[in-house]
file structure36.txt (compact mmCIF, C-alpha atoms)
# COMPACT_ATOMS: atom_id res chain seq x y z
CA MET U 1 -28.70 -43.29 44.63
CA GLY U 2 -27.97 -39.59 44.60
CA GLU U 3 -25.95 -39.86 47.77
CA LYS U 4 -23.93 -42.74 46.30
CA ILE U 5 -22.97 -40.68 43.25
CA THR U 6 -22.12 -37.65 45.42
CA PHE U 7 -20.06 -39.81 47.76
CA ALA U 8 -18.19 -41.48 44.90
CA VAL U 9 -17.32 -38.14 43.25
CA ALA U 10 -16.31 -36.55 46.56
CA ALA U 11 -14.29 -39.59 47.67
CA ILE U 12 -12.33 -39.71 44.40
CA GLY U 13 -11.80 -35.94 44.59
CA THR U 14 -10.68 -36.03 48.22
CA LEU U 15 -8.18 -38.87 47.77
CA GLY U 16 -6.97 -37.68 44.35
CA PHE U 17 -6.35 -34.08 45.38
CA GLY U 18 -5.03 -35.28 48.75
CA THR U 19 -2.44 -37.39 46.94
CA GLY U 20 -1.52 -34.26 45.01
CA VAL U 21 -1.04 -32.33 48.27
CA VAL U 22 1.29 -35.01 49.59
CA PHE U 23 3.31 -35.78 46.46
CA PHE U 24 3.55 -32.58 44.35
CA ARG U 25 7.06 -31.17 44.54
CA ASP U 26 5.96 -27.64 43.74
CA ALA U 27 4.52 -25.87 46.82
CA PHE U 28 2.12 -23.82 44.70
CA ARG U 29 0.64 -26.91 43.03
CA ALA U 30 0.29 -28.65 46.39
CA ALA U 31 -1.62 -25.65 47.81
CA VAL U 32 -3.96 -25.49 44.79
CA SER U 33 -4.45 -29.25 45.14
CA LEU U 34 -5.46 -28.64 48.75
CA ILE U 35 -8.27 -26.37 47.51
CA GLY U 36 -9.63 -29.30 45.48
CA ALA U 37 -9.41 -31.65 48.46
CA LEU U 38 -11.19 -29.13 50.73
CA LEU U 39 -13.99 -28.57 48.19
CA SER U 40 -14.44 -32.36 47.90
CA VAL U 41 -14.69 -32.57 51.71
CA ALA U 42 -17.34 -29.81 51.58
CA LEU U 43 -19.24 -31.98 49.10
CA LEU U 44 -19.07 -34.85 51.61
CA PHE U 45 -20.49 -32.55 54.29
CA ILE U 46 -23.43 -31.75 51.99
CA ALA U 47 -23.97 -35.48 51.43
CA LEU U 48 -24.03 -35.86 55.23
CA LEU U 49 -26.75 -33.17 55.44
CA ALA U 50 -24.49 -30.58 57.09
CA PRO U 51 -24.87 -27.60 54.72
CA PHE U 52 -23.71 -25.00 57.26
CA ALA U 53 -20.47 -26.88 57.95
CA ALA U 54 -19.97 -27.21 54.18
CA ALA U 55 -20.40 -23.44 53.71
CA VAL U 56 -17.94 -22.69 56.52
CA GLN U 57 -15.53 -25.23 55.01
CA VAL U 58 -15.58 -23.41 51.65
CA ILE U 59 -15.42 -19.89 53.09
CA VAL U 60 -12.94 -20.38 55.93
CA TYR U 61 -10.76 -23.21 54.58
CA ALA U 62 -10.73 -22.87 50.80
CA GLY U 63 -11.34 -19.14 51.00
CA ALA U 64 -9.17 -17.84 53.81
CA ILE U 65 -6.64 -20.46 54.93
CA VAL U 66 -5.47 -21.58 51.48
CA VAL U 67 -5.23 -17.97 50.30
CA MET U 68 -2.94 -17.32 53.26
CA PHE U 69 -0.83 -20.35 52.24
CA LEU U 70 -0.64 -19.02 48.67
CA PHE U 71 0.40 -15.56 49.93
CA VAL U 72 3.23 -17.04 51.99
CA ILE U 73 4.35 -19.32 49.14
CA ALA U 74 4.38 -16.34 46.78
CA TYR U 75 6.21 -14.24 49.39
CA LEU U 76 8.94 -16.77 50.15
CA GLY U 77 9.19 -18.03 46.57
CA GLY U 78 7.62 -21.38 45.86
CA HIS U 79 10.52 -22.77 43.88
CA ARG U 80 13.19 -22.23 46.47
CA GLU U 81 13.47 -25.40 48.47
CA ILE U 82 12.83 -24.47 52.09
CA THR U 83 13.95 -27.36 54.24
CA THR U 84 14.54 -27.94 57.87
CA PHE U 85 16.91 -30.58 59.10
CA ASP U 86 15.43 -34.04 59.28
CA ARG U 87 14.17 -34.19 62.82
CA LEU U 88 13.54 -37.95 62.76
CA ASP U 89 16.87 -39.18 61.40
CA ARG U 90 17.33 -42.82 62.37
CA TRP U 91 13.98 -42.96 64.15
CA GLN U 92 12.33 -42.68 60.74
CA VAL U 93 11.74 -46.45 60.48
CA ILE U 94 9.82 -46.42 63.75
CA GLY U 95 7.79 -43.48 62.47
CA TRP U 96 6.81 -45.31 59.29
CA LEU U 97 5.93 -48.42 61.31
CA GLY U 98 3.74 -46.19 63.48
CA VAL U 99 1.96 -44.80 60.41
CA MET U 100 1.29 -48.29 59.05
CA GLY U 101 0.22 -49.58 62.46
CA LEU U 102 -2.19 -46.69 62.98
CA GLY U 103 -3.67 -47.23 59.51
CA ALA U 104 -4.12 -50.96 60.13
CA LEU U 105 -5.61 -50.34 63.58
CA GLY U 106 -8.10 -47.83 62.17
CA ALA U 107 -9.07 -50.16 59.32
CA VAL U 108 -9.67 -53.04 61.71
CA ALA U 109 -11.71 -50.81 64.05
CA VAL U 110 -13.90 -49.41 61.26
CA LEU U 111 -14.45 -52.71 59.45
CA ASP U 112 -15.20 -54.45 62.72
CA SER U 113 -17.71 -51.83 63.87
CA THR U 114 -19.61 -51.63 60.57
CA ALA U 115 -20.27 -55.35 60.84
CA GLY U 116 -22.32 -54.74 63.96
CA PRO U 117 -26.03 -53.87 63.99
CA GLY U 118 -27.49 -50.41 64.36
CA TRP U 119 -25.57 -48.71 61.56
CA ALA U 120 -28.52 -47.50 59.55
CA ALA U 121 -28.78 -43.72 59.89
CA PRO U 122 -32.01 -42.30 61.30
CA ALA U 123 -34.17 -39.96 59.29
CA ALA U 124 -32.76 -36.43 59.16
CA THR U 125 -34.37 -33.96 61.53
CA GLY U 126 -32.65 -30.80 60.39
CA THR U 127 -29.63 -31.04 62.71
CA GLY U 128 -27.40 -29.34 60.13
CA SER U 129 -29.33 -26.10 59.82
CA PRO U 130 -27.67 -22.85 60.93
CA ALA U 131 -30.41 -22.37 63.53
CA ALA U 132 -29.75 -25.78 65.09
CA ILE U 133 -25.99 -25.17 65.15
CA GLY U 134 -26.39 -21.70 66.67
CA ASP U 135 -28.70 -23.16 69.29
CA ALA U 136 -26.21 -25.93 70.13
CA PHE U 137 -23.34 -23.43 70.36
CA LEU U 138 -25.13 -20.99 72.64
CA SER U 139 -26.86 -23.52 74.87
CA GLY U 140 -24.89 -26.75 75.20
CA HIS U 141 -21.43 -25.64 74.09
CA LEU U 142 -21.20 -22.07 75.36
CA LEU U 143 -17.76 -22.60 76.95
CA ALA U 144 -16.35 -23.97 73.66
CA PHE U 145 -17.81 -20.93 71.89
CA GLU U 146 -16.10 -18.47 74.26
CA VAL U 147 -12.80 -20.40 74.28
CA THR U 148 -12.90 -20.31 70.47
CA SER U 149 -12.93 -16.52 70.45
CA LEU U 150 -10.05 -16.47 72.94
CA VAL U 151 -8.03 -18.90 70.77
CA LEU U 152 -8.51 -16.70 67.71
CA LEU U 153 -7.51 -13.57 69.64
CA VAL U 154 -4.35 -15.21 70.99
CA ALA U 155 -3.46 -16.47 67.48
CA ALA U 156 -3.92 -13.00 65.96
CA VAL U 157 -1.83 -11.29 68.65
CA GLY U 158 0.85 -14.01 68.39
CA ALA U 159 1.08 -13.60 64.61
CA VAL U 160 1.51 -9.83 64.97
CA ILE U 161 4.28 -10.29 67.56
CA LEU U 162 6.07 -12.85 65.35
CA ALA U 163 5.90 -10.56 62.32
CA LYS U 164 7.08 -7.57 64.39
CA GLY U 165 10.14 -9.48 65.60
CA ALA U 166 11.03 -10.47 62.05
CA VAL U 167 10.72 -6.89 60.80
CA GLN U 168 12.86 -5.54 63.65
CA ARG U 169 15.59 -8.09 62.98
CA GLU U 170 15.83 -6.80 59.42
CA GLY U 171 16.40 -3.27 60.70
CA GLY U 172 12.91 -1.92 60.16
CA ARG U 173 10.62 -0.52 62.78
CA MET Z 1 -28.98 -43.19 54.12
CA SER Z 2 -27.90 -45.18 51.14
CA VAL Z 3 -24.19 -44.85 51.88
CA PRO Z 4 -23.29 -46.52 55.21
CA ILE Z 5 -21.36 -44.55 57.79
CA GLY Z 6 -18.49 -47.04 57.50
CA ALA Z 7 -17.73 -45.77 53.99
CA TYR Z 8 -17.28 -42.23 55.35
CA LEU Z 9 -15.12 -43.54 58.19
CA LEU Z 10 -12.92 -45.52 55.79
CA LEU Z 11 -12.52 -42.41 53.61
CA SER Z 12 -11.65 -40.42 56.72
CA LEU Z 13 -9.06 -43.04 57.69
CA ALA Z 14 -7.54 -43.02 54.19
CA LEU Z 15 -7.25 -39.22 54.26
CA LEU Z 16 -5.69 -39.31 57.75
CA VAL Z 17 -3.07 -41.87 56.67
CA LEU Z 18 -2.40 -39.81 53.52
CA GLY Z 19 -1.78 -36.75 55.72
CA LEU Z 20 0.48 -38.82 58.00
CA ILE Z 21 2.52 -39.97 54.99
CA GLY Z 22 2.82 -36.32 53.96
CA VAL Z 23 4.01 -35.31 57.44
CA MET Z 24 6.57 -38.14 57.37
CA ARG Z 25 8.08 -37.49 53.96
CA ARG Z 26 7.90 -33.68 53.65
CA ARG Z 27 10.85 -31.59 54.81
CA ASN Z 28 9.45 -28.21 53.85
CA PRO Z 29 7.56 -26.72 56.86
CA LEU Z 30 4.96 -25.20 54.53
CA MET Z 31 4.19 -28.62 53.07
CA LEU Z 32 4.06 -30.09 56.58
CA LEU Z 33 1.29 -27.61 57.41
CA LEU Z 34 -0.60 -28.57 54.23
CA SER Z 35 -0.46 -32.24 55.25
CA VAL Z 36 -1.67 -31.39 58.76
CA GLU Z 37 -4.65 -29.64 57.14
CA LEU Z 38 -5.49 -32.92 55.39
CA MET Z 39 -5.41 -34.77 58.72
CA LEU Z 40 -7.68 -32.18 60.38
CA ASN Z 41 -10.14 -32.56 57.51
CA ALA Z 42 -10.11 -36.33 57.96
CA GLY Z 43 -11.14 -35.76 61.58
CA ASN Z 44 -13.90 -33.40 60.46
CA ILE Z 45 -15.32 -35.99 58.04
CA ALA Z 46 -15.52 -38.52 60.89
CA LEU Z 47 -17.11 -35.98 63.27
CA ILE Z 48 -19.80 -34.92 60.81
CA GLY Z 49 -20.38 -38.55 59.82
CA PHE Z 50 -21.07 -39.41 63.45
CA SER Z 51 -23.27 -36.33 63.75
CA ARG Z 52 -25.36 -37.68 60.87
CA GLN Z 53 -25.34 -41.16 62.32
CA TRP Z 54 -26.70 -40.16 65.73
CA ASP Z 55 -28.79 -37.29 64.35
CA ASP Z 56 -27.13 -34.91 66.79
CA THR Z 57 -25.76 -31.42 66.19
CA SER Z 58 -22.84 -31.76 68.62
CA GLY Z 59 -20.60 -33.42 66.02
CA GLN Z 60 -20.98 -30.45 63.70
CA VAL Z 61 -20.20 -28.06 66.56
CA PHE Z 62 -17.00 -30.06 67.21
CA ALA Z 63 -16.12 -29.87 63.50
CA LEU Z 64 -16.56 -26.08 63.51
CA VAL Z 65 -14.33 -25.80 66.58
CA VAL Z 66 -11.72 -27.93 64.78
CA MET Z 67 -11.86 -25.48 61.86
CA VAL Z 68 -11.20 -22.57 64.24
CA VAL Z 69 -8.25 -24.42 65.77
CA ALA Z 70 -6.96 -25.15 62.25
CA ALA Z 71 -7.19 -21.44 61.37
CA ALA Z 72 -5.27 -20.46 64.51
CA GLU Z 73 -2.68 -23.18 63.87
CA VAL Z 74 -2.12 -21.97 60.30
CA VAL Z 75 -1.76 -18.35 61.44
CA ILE Z 76 0.92 -19.24 64.00
CA GLY Z 77 2.58 -21.83 61.74
CA LEU Z 78 2.86 -19.51 58.76
CA GLY Z 79 3.97 -16.68 61.07
CA LEU Z 80 6.81 -18.90 62.30
CA VAL Z 81 7.75 -19.97 58.76
CA VAL Z 82 7.89 -16.35 57.59
CA ALA Z 83 9.77 -15.21 60.70
CA ILE Z 84 12.40 -17.96 60.29
CA PHE Z 85 12.89 -17.98 56.55
CA ARG Z 86 12.48 -14.32 55.65
CA SER Z 87 15.78 -13.37 57.25
CA ARG Z 88 17.56 -16.07 55.23
CA THR Z 89 16.70 -14.65 51.80
CA ASP Z 90 19.80 -13.46 50.02
CA LEU Z 91 19.37 -9.85 49.07
CA ASP Z 92 21.70 -9.58 46.10
CA VAL Z 93 20.97 -7.17 43.28
CA ASP Z 94 22.88 -9.38 40.84
CA ASP Z 95 20.18 -11.97 41.34
CA LEU Z 96 17.51 -9.54 40.15
CA SER Z 97 17.93 -10.34 36.48
CA SER Z 98 14.39 -10.96 35.43
CA MET Z 99 14.05 -7.51 33.83
CA ARG Z 100 16.99 -7.75 31.49
CA GLY Z 101 16.49 -6.03 28.19

call {"tool": "encode", "arguments": {"input": "structure36.txt", "output": "structure tokens"}}
result
Amino acid sequence: MGEKITFAVAAIGTLGFGTGVVFFRDAFRAAVSLIGALLSVALLFIALLAPFAAAVQVIVYAGAIVVMFLFVIAYLGGHREITTFDRLDRWQVIGWLGVMGLGALGAVAVLDSTAGPGWAAPAATGTGSPAAIGDAFLSGHLLAFEVTSLVLLVAAVGAVILAKGAVQREGGR
Amino acid sequence: MSVPIGAYLLLSLALLVLGLIGVMRRRNPLMLLLSVELMLNAGNIALIGFSRQWDDTSGQVFALVVMVVAAAEVVIGLGLVVAIFRSRTDLDVDDLSSMRG
């Protein structure tokens, strides 16, 4: 019963705030709406007995990534309409058909699979604890762990190089 | 588990399609990145749902790796947005009229 209530609240929050992210015209409102969607997803993680993933979701996503979005929106001015040219142009119809087709395909796949047997979850054995996740990272997924650190390093260095180029083009050092 | 895994998967699918719609209709590169974040989260819901279903930690490890990739993607994406659009701001003192008095 408790999980049903949690799921209902989190599902409504996720889809409601997600709709806000997609349809708000104001960039600032869309970013704040994303915070709500991410917190709702963290609630779903808790309902799925993954408390560590939920904590990381709140700290890294809602805490760090959205704040970075808000900084950039404030820096560039949220009201100024920043647009690129429409890269799809007349292929747009095919794109929308692809979106609808993918949605229909996913719905059919999910509804078909839930009809089958064996979809009752087993009793929880503490797979979501930080200890279990640390163990999985350092024993079974060590390569992913190391590649992760490399990805973050490359991203940080790339961001610095991008920012440096932009500053130099404006005549600064 | 009182809520079947299919409910989580359907929610994940709905969020993914919502993000896809956002990617299709947004022109602003910042908003495109926001919609991509929604799609990554939809993937994470499915991964952690499967992790719960099979009582295995691997799904949560995958979800954490996805979060790291999302962080790196946002850093590079926002860096590009700033690098492209900062040089286009019009620096005109006549526009600075918010302190009139």

call {"tool": "closest_residue", "arguments": {"input": "structure36.txt", "among": "U:Ile133, U:Val108, U:Arg25, U:Thr19", "to": "Leu13 of chain Z", "atoms": "only C-alpha atoms"}}
result
U:Val108

call {"tool": "axis_aligned_box", "arguments": {"input": "structure36.txt", "around": "segment 6-16 of chain Z", "padding_each_side": "3 Å", "output": "JSON"}}
result
{"center_x": -12.1, "center_y": -43.1, "center_z": 55.9, "size_x": 18.8, "size_y": 13.8, "size_z": 10.6}

call {"tool": "closest_residue", "arguments": {"input": "structure36.txt", "among": "Z:Val66, Z:Ala46, Z:Val3, Z:Val36", "to": "chain U", "atoms": "only C-alpha atoms"}}
result
Z:Val3

call {"tool": "atom_distance", "arguments": {"input": "structure36.txt", "atom1": "atom CA of Thr14 of chain U", "atom2": "atom CA of Gly49 of chain Z"}}
result
15.3 Å

call {"tool": "interface_residues", "arguments": {"input": "structure36.txt", "of": "chain Z", "to": "chain U", "cutoff": "6 Å", "atoms": "only C-alpha atoms", "output": "PyMOL selection string"}}
result
chain Z and resi 1+3+6+22+27-28+53+57+72+76+79+83

call {"tool": "atom_distance", "arguments": {"input": "structure36.txt", "atom1": "atom CA of Val67 of chain U", "atom2": "atom CA of Leu9 of chain Z"}}
result
28.5 Å

call {"tool": "atom_distance", "arguments": {"input": "structure36.txt", "atom1": "atom CA of Asp56 of chain Z", "atom2": "atom CA of Ser35 of chain Z"}}
result
29.2 Å
